[in-house]
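Chemist: Structure in structure tokens, see below.
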Amino acid sequence: MRMPRLKNPRRLRLIMPFALVLVLVALTVIVHAVQQPDPTDASFLSPTSTAGDGARRLADDLTRDGVRIDVRSTSPEAIEAVGDGDAVTLLVTTPELVNPYYLERLALLPPRVRVVLVAPGAGEVYAAGLDVVVTGPRWTAAAPQPGCTEDFAQAGPAATLRWRYDTGDFRSEPVRCYSDSVVEVKNLTMVGAADPFRNDRADEYGNRALAVSLLSRYGRLIWLDLHEREKAPPEPTAPTAEPDPAEPTPDPDSTEPWDDDPSNDNGEPAPATEDPSGQPAEQSDDGGGVAGSPLAQAFPPAVWATLALLLLAGIALALASARRLGTPVAEPLPVQVRAAETVRGLGGLYRRARARGTSLATVQAAARTRLMVHFGMPADSTVDEVAHRVATQTGLQENEVRHLLGGGVEDSDEELARAASDVQRLVRTVISNERGDLT
């Protein structure tokens, strides 16, 4: 059984390299996404999970060091568990699932509460009220040197650099370690990756020692084991305000204009409205952009950089593979080719492209050229002029000759062969001065 031939192998050769590259990139992205832990999984950094992305080994190490672990499943429970007692550490393993309202409350806890956020992104840092520039995430977590003299930095290099936190200029000097991937601002400690807390990464670098040092500062640890996105807290119901008898009410029957000027009794403008936090209300800027679109945030910057690199590589390959740039130009043949071979090759191309009209037009143009040379006519003579001269010479109908020298062809190979034969017979008849029925 013969295999069917490809209709356009050249196009296939051009597409295959791009297709292979795209398949490899897609497989790489899919495998990387599958290997990334999901914060919504019940095992992710759970103190009771022995899975690879769990944190049972860390919890056992802390228990052996005398740290009492208090596991909570919601942010309100964790904040309430802080109480008014001694110093305590509060571990937030999934800050991206914490409602922004509770992130702000965590940042407002007293200094005796050390809040440890695991791999918070830009949105979580902003919700906590910190003026910190967040960059990342990296494709994988790197293990930089500590670069500081804090007690937890004695662990040595640790896989913390997936997110980076640039604190800029703070009133109080922040703690910046591990190439700005472990940063302490106020009562918050931000760790740029979850690797130091995971079971399957505990023995790599100084991950286990760093995690234990960060969480064993005090004798009590509140572990927020949250695995679903929290809803916003219910808003308190505002009491219905009773109308003030002293406040004048507009008379609907009065023709005098009502004073809507928001000014006080002294004629001065009323102050700007403030929000509950005491800060002046700001206009919301909903102006989007490419960086703020959901599609841009759905993939890490490395994906967009890879796609841009592939696009540039494709353009370079297209330019390198192009046979010419610009309009076609006439070039001499590199070798001498027999006329019969040229005709057969050109005919094969026309047949493959099913260009029956172009094929017949080529035969008719050659016939007109021979007839004009035979009659000594100018080279720019029209079809009508040549047809009139041939009709006069042969006695044929001028319309019939005009159709033979300039007419079209039906969409069939048989009609093309018949029309080409009639044109050749006409030329032979004229040149040999023979009369005959051409139909």
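How things are named: the first chain in the structure tokens is A, the next is B, and so on; residues count from 1 in each chain; ligands count from 1 in the order shown.
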Name all residues at most 8 Å from segment 221-228 of chain A (count only C-alpha atoms; drop same-chain ones fewer than 6 positions away) and give them as a PDB file with N, CA and C atoms, in the first residue's frame.

Modeler:
ATOM      1  N   PRO A  39      -1.756  25.786  47.145  1.00  0.00           N
ATOM      2  CA  PRO A  39      -2.095  26.191  48.515  1.00  0.00           C
ATOM      3  C   PRO A  39      -3.461  25.710  48.981  1.00  0.00           C
ATOM      4  N   THR A  40      -4.364  25.391  48.026  1.00  0.00           N
ATOM      5  CA  THR A  40      -5.690  24.931  48.427  1.00  0.00           C
ATOM      6  C   THR A  40      -5.714  23.453  48.800  1.00  0.00           C
ATOM      7  N   ASP A  41      -4.615  22.729  48.564  1.00  0.00           N
ATOM      8  CA  ASP A  41      -4.550  21.329  48.996  1.00  0.00           C
ATOM      9  C   ASP A  41      -4.456  21.273  50.516  1.00  0.00           C
ATOM     10  N   ALA A  42      -5.149  20.298  51.079  1.00  0.00           N
ATOM     11  CA  ALA A  42      -5.161  20.181  52.545  1.00  0.00           C
ATOM     12  C   ALA A  42      -3.787  19.857  53.108  1.00  0.00           C
ATOM     13  N   PHE A  44      -0.854  21.146  52.022  1.00  0.00           N
ATOM     14  CA  PHE A  44       0.140  22.193  51.816  1.00  0.00           C
ATOM     15  C   PHE A  44       0.511  22.858  53.141  1.00  0.00           C
ATOM     16  N   LEU A  45       1.767  22.689  53.543  1.00  0.00           N
ATOM     17  CA  LEU A  45       2.331  23.270  54.769  1.00  0.00           C
ATOM     18  C   LEU A  45       1.439  23.018  55.984  1.00  0.00           C
ATOM     19  N   SER A  46       0.811  21.857  55.982  1.00  0.00           N
ATOM     20  CA  SER A  46      -0.003  21.486  57.140  1.00  0.00           C
ATOM     21  C   SER A  46       0.887  20.836  58.195  1.00  0.00           C
ATOM     22  N   PRO A  47       0.727  21.181  59.478  1.00  0.00           N
ATOM     23  CA  PRO A  47       1.589  20.603  60.520  1.00  0.00           C
ATOM     24  C   PRO A  47       1.330  19.121  60.761  1.00  0.00           C
ATOM     25  N   VAL A  67       8.390  24.215  71.727  1.00  0.00           N
ATOM     26  CA  VAL A  67       7.427  25.202  71.240  1.00  0.00           C
ATOM     27  C   VAL A  67       6.030  24.572  71.230  1.00  0.00           C
ATOM     28  N   ARG A  68       5.083  25.267  71.811  1.00  0.00           N
ATOM     29  CA  ARG A  68       3.701  24.790  71.835  1.00  0.00           C
ATOM     30  C   ARG A  68       2.988  25.320  70.599  1.00  0.00           C
ATOM     31  N   ILE A  69       2.436  24.396  69.796  1.00  0.00           N
ATOM     32  CA  ILE A  69       1.810  24.747  68.527  1.00  0.00           C
ATOM     33  C   ILE A  69       0.301  24.760  68.703  1.00  0.00           C
ATOM     34  N   ASP A  70      -0.291  25.875  68.329  1.00  0.00           N
ATOM     35  CA  ASP A  70      -1.744  26.058  68.388  1.00  0.00           C
ATOM     36  C   ASP A  70      -2.242  26.224  66.955  1.00  0.00           C
ATOM     37  N   VAL A  71      -2.907  25.186  66.420  1.00  0.00           N
ATOM     38  CA  VAL A  71      -3.338  25.197  65.025  1.00  0.00           C
ATOM     39  C   VAL A  71      -4.718  25.832  64.931  1.00  0.00           C
ATOM     40  N   ARG A  72      -4.844  26.789  63.993  1.00  0.00           N
ATOM     41  CA  ARG A  72      -6.112  27.449  63.722  1.00  0.00           C
ATOM     42  C   ARG A  72      -6.400  27.363  62.224  1.00  0.00           C
ATOM     43  N   SER A  73      -7.693  27.362  61.879  1.00  0.00           N
ATOM     44  CA  SER A  73      -8.082  27.172  60.480  1.00  0.00           C
ATOM     45  C   SER A  73      -8.654  28.421  59.834  1.00  0.00           C
ATOM     46  N   THR A  74      -8.856  29.492  60.565  1.00  0.00           N
ATOM     47  CA  THR A  74      -9.350  30.740  59.987  1.00  0.00           C
ATOM     48  C   THR A  74      -8.577  31.900  60.589  1.00  0.00           C
ATOM     49  N   SER A  75      -8.559  33.006  59.848  1.00  0.00           N
ATOM     50  CA  SER A  75      -7.840  34.186  60.330  1.00  0.00           C
ATOM     51  C   SER A  75      -8.466  34.783  61.587  1.00  0.00           C
ATOM     52  N   ALA A  78      -7.251  32.785  64.484  1.00  0.00           N
ATOM     53  CA  ALA A  78      -5.831  32.999  64.769  1.00  0.00           C
ATOM     54  C   ALA A  78      -5.597  34.335  65.466  1.00  0.00           C
ATOM     55  N   ALA A  81      -6.759  34.075  68.962  1.00  0.00           N
ATOM     56  CA  ALA A  81      -5.905  33.237  69.804  1.00  0.00           C
ATOM     57  C   ALA A  81      -4.672  33.976  70.303  1.00  0.00           C
ATOM     58  N   VAL A  82      -4.343  35.099  69.698  1.00  0.00           N
ATOM     59  CA  VAL A  82      -3.176  35.862  70.160  1.00  0.00           C
ATOM     60  C   VAL A  82      -3.370  36.296  71.605  1.00  0.00           C
ATOM     61  N   VAL A  88       4.254  35.826  71.159  1.00  0.00           N
ATOM     62  CA  VAL A  88       3.813  34.671  70.385  1.00  0.00           C
ATOM     63  C   VAL A  88       4.200  34.880  68.926  1.00  0.00           C
ATOM     64  N   THR A  89       4.388  33.775  68.213  1.00  0.00           N
ATOM     65  CA  THR A  89       4.645  33.802  66.776  1.00  0.00           C
ATOM     66  C   THR A  89       3.401  33.310  66.052  1.00  0.00           C
ATOM     67  N   LEU A  90       3.005  34.010  64.991  1.00  0.00           N
ATOM     68  CA  LEU A  90       1.837  33.634  64.199  1.00  0.00           C
ATOM     69  C   LEU A  90       2.314  33.323  62.787  1.00  0.00           C
ATOM     70  N   LEU A  91       2.177  32.068  62.366  1.00  0.00           N
ATOM     71  CA  LEU A  91       2.627  31.619  61.045  1.00  0.00           C
ATOM     72  C   LEU A  91       1.439  31.599  60.088  1.00  0.00           C
ATOM     73  N   VAL A  92       1.560  32.338  58.986  1.00  0.00           N
ATOM     74  CA  VAL A  92       0.536  32.368  57.934  1.00  0.00           C
ATOM     75  C   VAL A  92       1.132  31.659  56.721  1.00  0.00           C
ATOM     76  N   THR A  93       0.697  30.428  56.477  1.00  0.00           N
ATOM     77  CA  THR A  93       1.294  29.619  55.410  1.00  0.00           C
ATOM     78  C   THR A  93       0.743  29.964  54.034  1.00  0.00           C
ATOM     79  N   THR A  94      -0.476  30.491  53.972  1.00  0.00           N
ATOM     80  CA  THR A  94      -1.102  30.813  52.679  1.00  0.00           C
ATOM     81  C   THR A  94      -1.658  32.227  52.719  1.00  0.00           C
ATOM     82  N   LEU A  97      -4.589  33.372  50.422  1.00  0.00           N
ATOM     83  CA  LEU A  97      -5.959  32.963  50.696  1.00  0.00           C
ATOM     84  C   LEU A  97      -6.593  33.772  51.824  1.00  0.00           C
ATOM     85  N   VAL A  98      -5.809  34.586  52.509  1.00  0.00           N
ATOM     86  CA  VAL A  98      -6.321  35.393  53.614  1.00  0.00           C
ATOM     87  C   VAL A  98      -7.016  36.621  53.044  1.00  0.00           C
ATOM     88  N   LEU A 215      10.579  30.287  63.668  1.00  0.00           N
ATOM     89  CA  LEU A 215       9.334  29.974  64.364  1.00  0.00           C
ATOM     90  C   LEU A 215       9.523  29.615  65.835  1.00  0.00           C
TER      91      LEU A 215
END

Chemist: Would you work out the distance separating atom CA of Glu331 of chain A from atom CA of Leu349 of chain A, expressed in Å to one decimal?

Modeler: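 These atoms are spaced 18.9 Å apart.
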
Chemist: Set the distance at 10 Å and use only C-alpha atoms: which residues neighbour Leu109 of chain A once local chain neighbours fewer than 5 positions away are removed? I'd like the list as a list in words.

Modeler: Ile79, Val82, Glu104, Arg114, Val115, Lys186, Asn187 and Leu188 of chain A

Chemist: Out of A:Tyr205, A:Ser432, A:Gln36, A:Ala87, which residue has the shortest atom-to-atom distance to Tyr218 of chain A when counting only C-alpha atoms?

Modeler: A:Ala87

Chemist: From a backbone DSSP assignment, name each residue in segment 64-150 of chain A labelled helix (DSSP H, G or I), as a VMD selection string.

Modeler: chain A and resid 64 75 to 82 95 to 97 100 to 107 122 to 127

Chemist: With distances taken over only C-alpha atoms, which residue among A:Arg220, A:Asp65, A:Thr149, A:Gly136 lies nearest Gly83 of chain A?

Modeler: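 Checking each of A:Arg220, A:Asp65, A:Thr149, A:Gly136 against Gly83 of chain A, counting only C-alpha atoms, the winner is A:Arg220.
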
Chemist: How far is it from atom CA of Arg370 of chain A to atom CA of Gln424 of chain A, in Å with one decimal?

Modeler: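 Atom-to-atom, atom CA of Arg370 of chain A to atom CA of Gln424 of chain A, that is 10.7 Å.
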
Chemist: Which residues of segment 397-439 of chain A come within 10 Å of segment 371-390 of chain A, and for each one, what is the closest pair of atoms and their distance in Å to one decimal, counting only C-alpha atoms, sorted by chain and residue number, as JSON lines?

Modeler:
{"residue": "A:Gln397", "atom": "CA", "partner": "A:His388", "partner_atom": "CA", "distance": 9.0}
{"residue": "A:Glu398", "atom": "CA", "partner": "A:His388", "partner_atom": "CA", "distance": 5.9}
{"residue": "A:Asn399", "atom": "CA", "partner": "A:Ala387", "partner_atom": "CA", "distance": 7.9}
{"residue": "A:Glu400", "atom": "CA", "partner": "A:Ala387", "partner_atom": "CA", "distance": 8.6}
{"residue": "A:Val401", "atom": "CA", "partner": "A:Ala387", "partner_atom": "CA", "distance": 5.5}
{"residue": "A:Arg402", "atom": "CA", "partner": "A:Ala387", "partner_atom": "CA", "distance": 5.2}
{"residue": "A:His403", "atom": "CA", "partner": "A:Ala387", "partner_atom": "CA", "distance": 8.8}
{"residue": "A:Leu404", "atom": "CA", "partner": "A:Ala387", "partner_atom": "CA", "distance": 8.9}
{"residue": "A:Leu405", "atom": "CA", "partner": "A:Val383", "partner_atom": "CA", "distance": 6.9}
{"residue": "A:Gly406", "atom": "CA", "partner": "A:Val383", "partner_atom": "CA", "distance": 6.6}
{"residue": "A:Leu426", "atom": "CA", "partner": "A:Val390", "partner_atom": "CA", "distance": 9.0}
{"residue": "A:Val427", "atom": "CA", "partner": "A:Leu371", "partner_atom": "CA", "distance": 7.0}
{"residue": "A:Arg428", "atom": "CA", "partner": "A:Leu371", "partner_atom": "CA", "distance": 9.9}
{"residue": "A:Thr429", "atom": "CA", "partner": "A:Val390", "partner_atom": "CA", "distance": 9.9}
{"residue": "A:Val430", "atom": "CA", "partner": "A:Val390", "partner_atom": "CA", "distance": 7.1}
{"residue": "A:Ile431", "atom": "CA", "partner": "A:His374", "partner_atom": "CA", "distance": 7.2}

Chemist: Grab the residues selected above and save them as an mmCIF file, in the first residue's frame with N, CA and C atoms.

Modeler:
data_model
loop_
_atom_site.group_PDB
_atom_site.id
_atom_site.type_symbol
_atom_site.label_atom_id
_atom_site.label_comp_id
_atom_site.auth_asym_id
_atom_site.auth_seq_id
_atom_site.Cartn_x
_atom_site.Cartn_y
_atom_site.Cartn_z
ATOM 1 N N GLN A 397 -13.721 33.621 -40.062
ATOM 2 C CA GLN A 397 -14.464 34.665 -39.379
ATOM 3 C C GLN A 397 -13.546 35.378 -38.375
ATOM 4 N N GLU A 398 -13.609 36.742 -38.374
ATOM 5 C CA GLU A 398 -12.728 37.504 -37.479
ATOM 6 C C GLU A 398 -13.032 37.214 -36.005
ATOM 7 N N ASN A 399 -14.326 37.034 -35.659
ATOM 8 C CA ASN A 399 -14.676 36.736 -34.273
ATOM 9 C C ASN A 399 -14.099 35.395 -33.835
ATOM 10 N N GLU A 400 -14.086 34.424 -34.745
ATOM 11 C CA GLU A 400 -13.539 33.099 -34.422
ATOM 12 C C GLU A 400 -12.038 33.182 -34.189
ATOM 13 N N VAL A 401 -11.341 33.944 -35.045
ATOM 14 C CA VAL A 401 -9.896 34.092 -34.873
ATOM 15 C C VAL A 401 -9.578 34.855 -33.584
ATOM 16 N N ARG A 402 -10.385 35.903 -33.297
ATOM 17 C CA ARG A 402 -10.153 36.663 -32.070
ATOM 18 C C ARG A 402 -10.322 35.780 -30.836
ATOM 19 N N HIS A 403 -11.305 34.880 -30.870
ATOM 20 C CA HIS A 403 -11.506 33.975 -29.733
ATOM 21 C C HIS A 403 -10.340 33.001 -29.596
ATOM 22 N N LEU A 404 -9.815 32.528 -30.746
ATOM 23 C CA LEU A 404 -8.691 31.602 -30.669
ATOM 24 C C LEU A 404 -7.435 32.273 -30.123
ATOM 25 N N LEU A 405 -7.210 33.546 -30.475
ATOM 26 C CA LEU A 405 -5.973 34.223 -30.072
ATOM 27 C C LEU A 405 -6.081 34.953 -28.733
ATOM 28 N N GLY A 406 -7.278 35.128 -28.182
ATOM 29 C CA GLY A 406 -7.392 35.886 -26.926
ATOM 30 C C GLY A 406 -8.498 35.426 -26.013
ATOM 31 N N LEU A 426 -4.060 27.009 -36.274
ATOM 32 C CA LEU A 426 -4.229 28.299 -36.929
ATOM 33 C C LEU A 426 -2.894 28.872 -37.368
ATOM 34 N N VAL A 427 -1.891 28.783 -36.521
ATOM 35 C CA VAL A 427 -0.575 29.319 -36.865
ATOM 36 C C VAL A 427 0.009 28.556 -38.057
ATOM 37 N N ARG A 428 -0.110 27.242 -38.047
ATOM 38 C CA ARG A 428 0.416 26.454 -39.171
ATOM 39 C C ARG A 428 -0.314 26.792 -40.485
ATOM 40 N N THR A 429 -1.622 27.011 -40.378
ATOM 41 C CA THR A 429 -2.393 27.329 -41.582
ATOM 42 C C THR A 429 -1.969 28.663 -42.165
ATOM 43 N N VAL A 430 -1.775 29.662 -41.288
ATOM 44 C CA VAL A 430 -1.400 30.987 -41.781
ATOM 45 C C VAL A 430 -0.012 30.967 -42.400
ATOM 46 N N ILE A 431 0.902 30.322 -41.731
ATOM 47 C CA ILE A 431 2.290 30.338 -42.213
ATOM 48 C C ILE A 431 2.435 29.547 -43.507
#
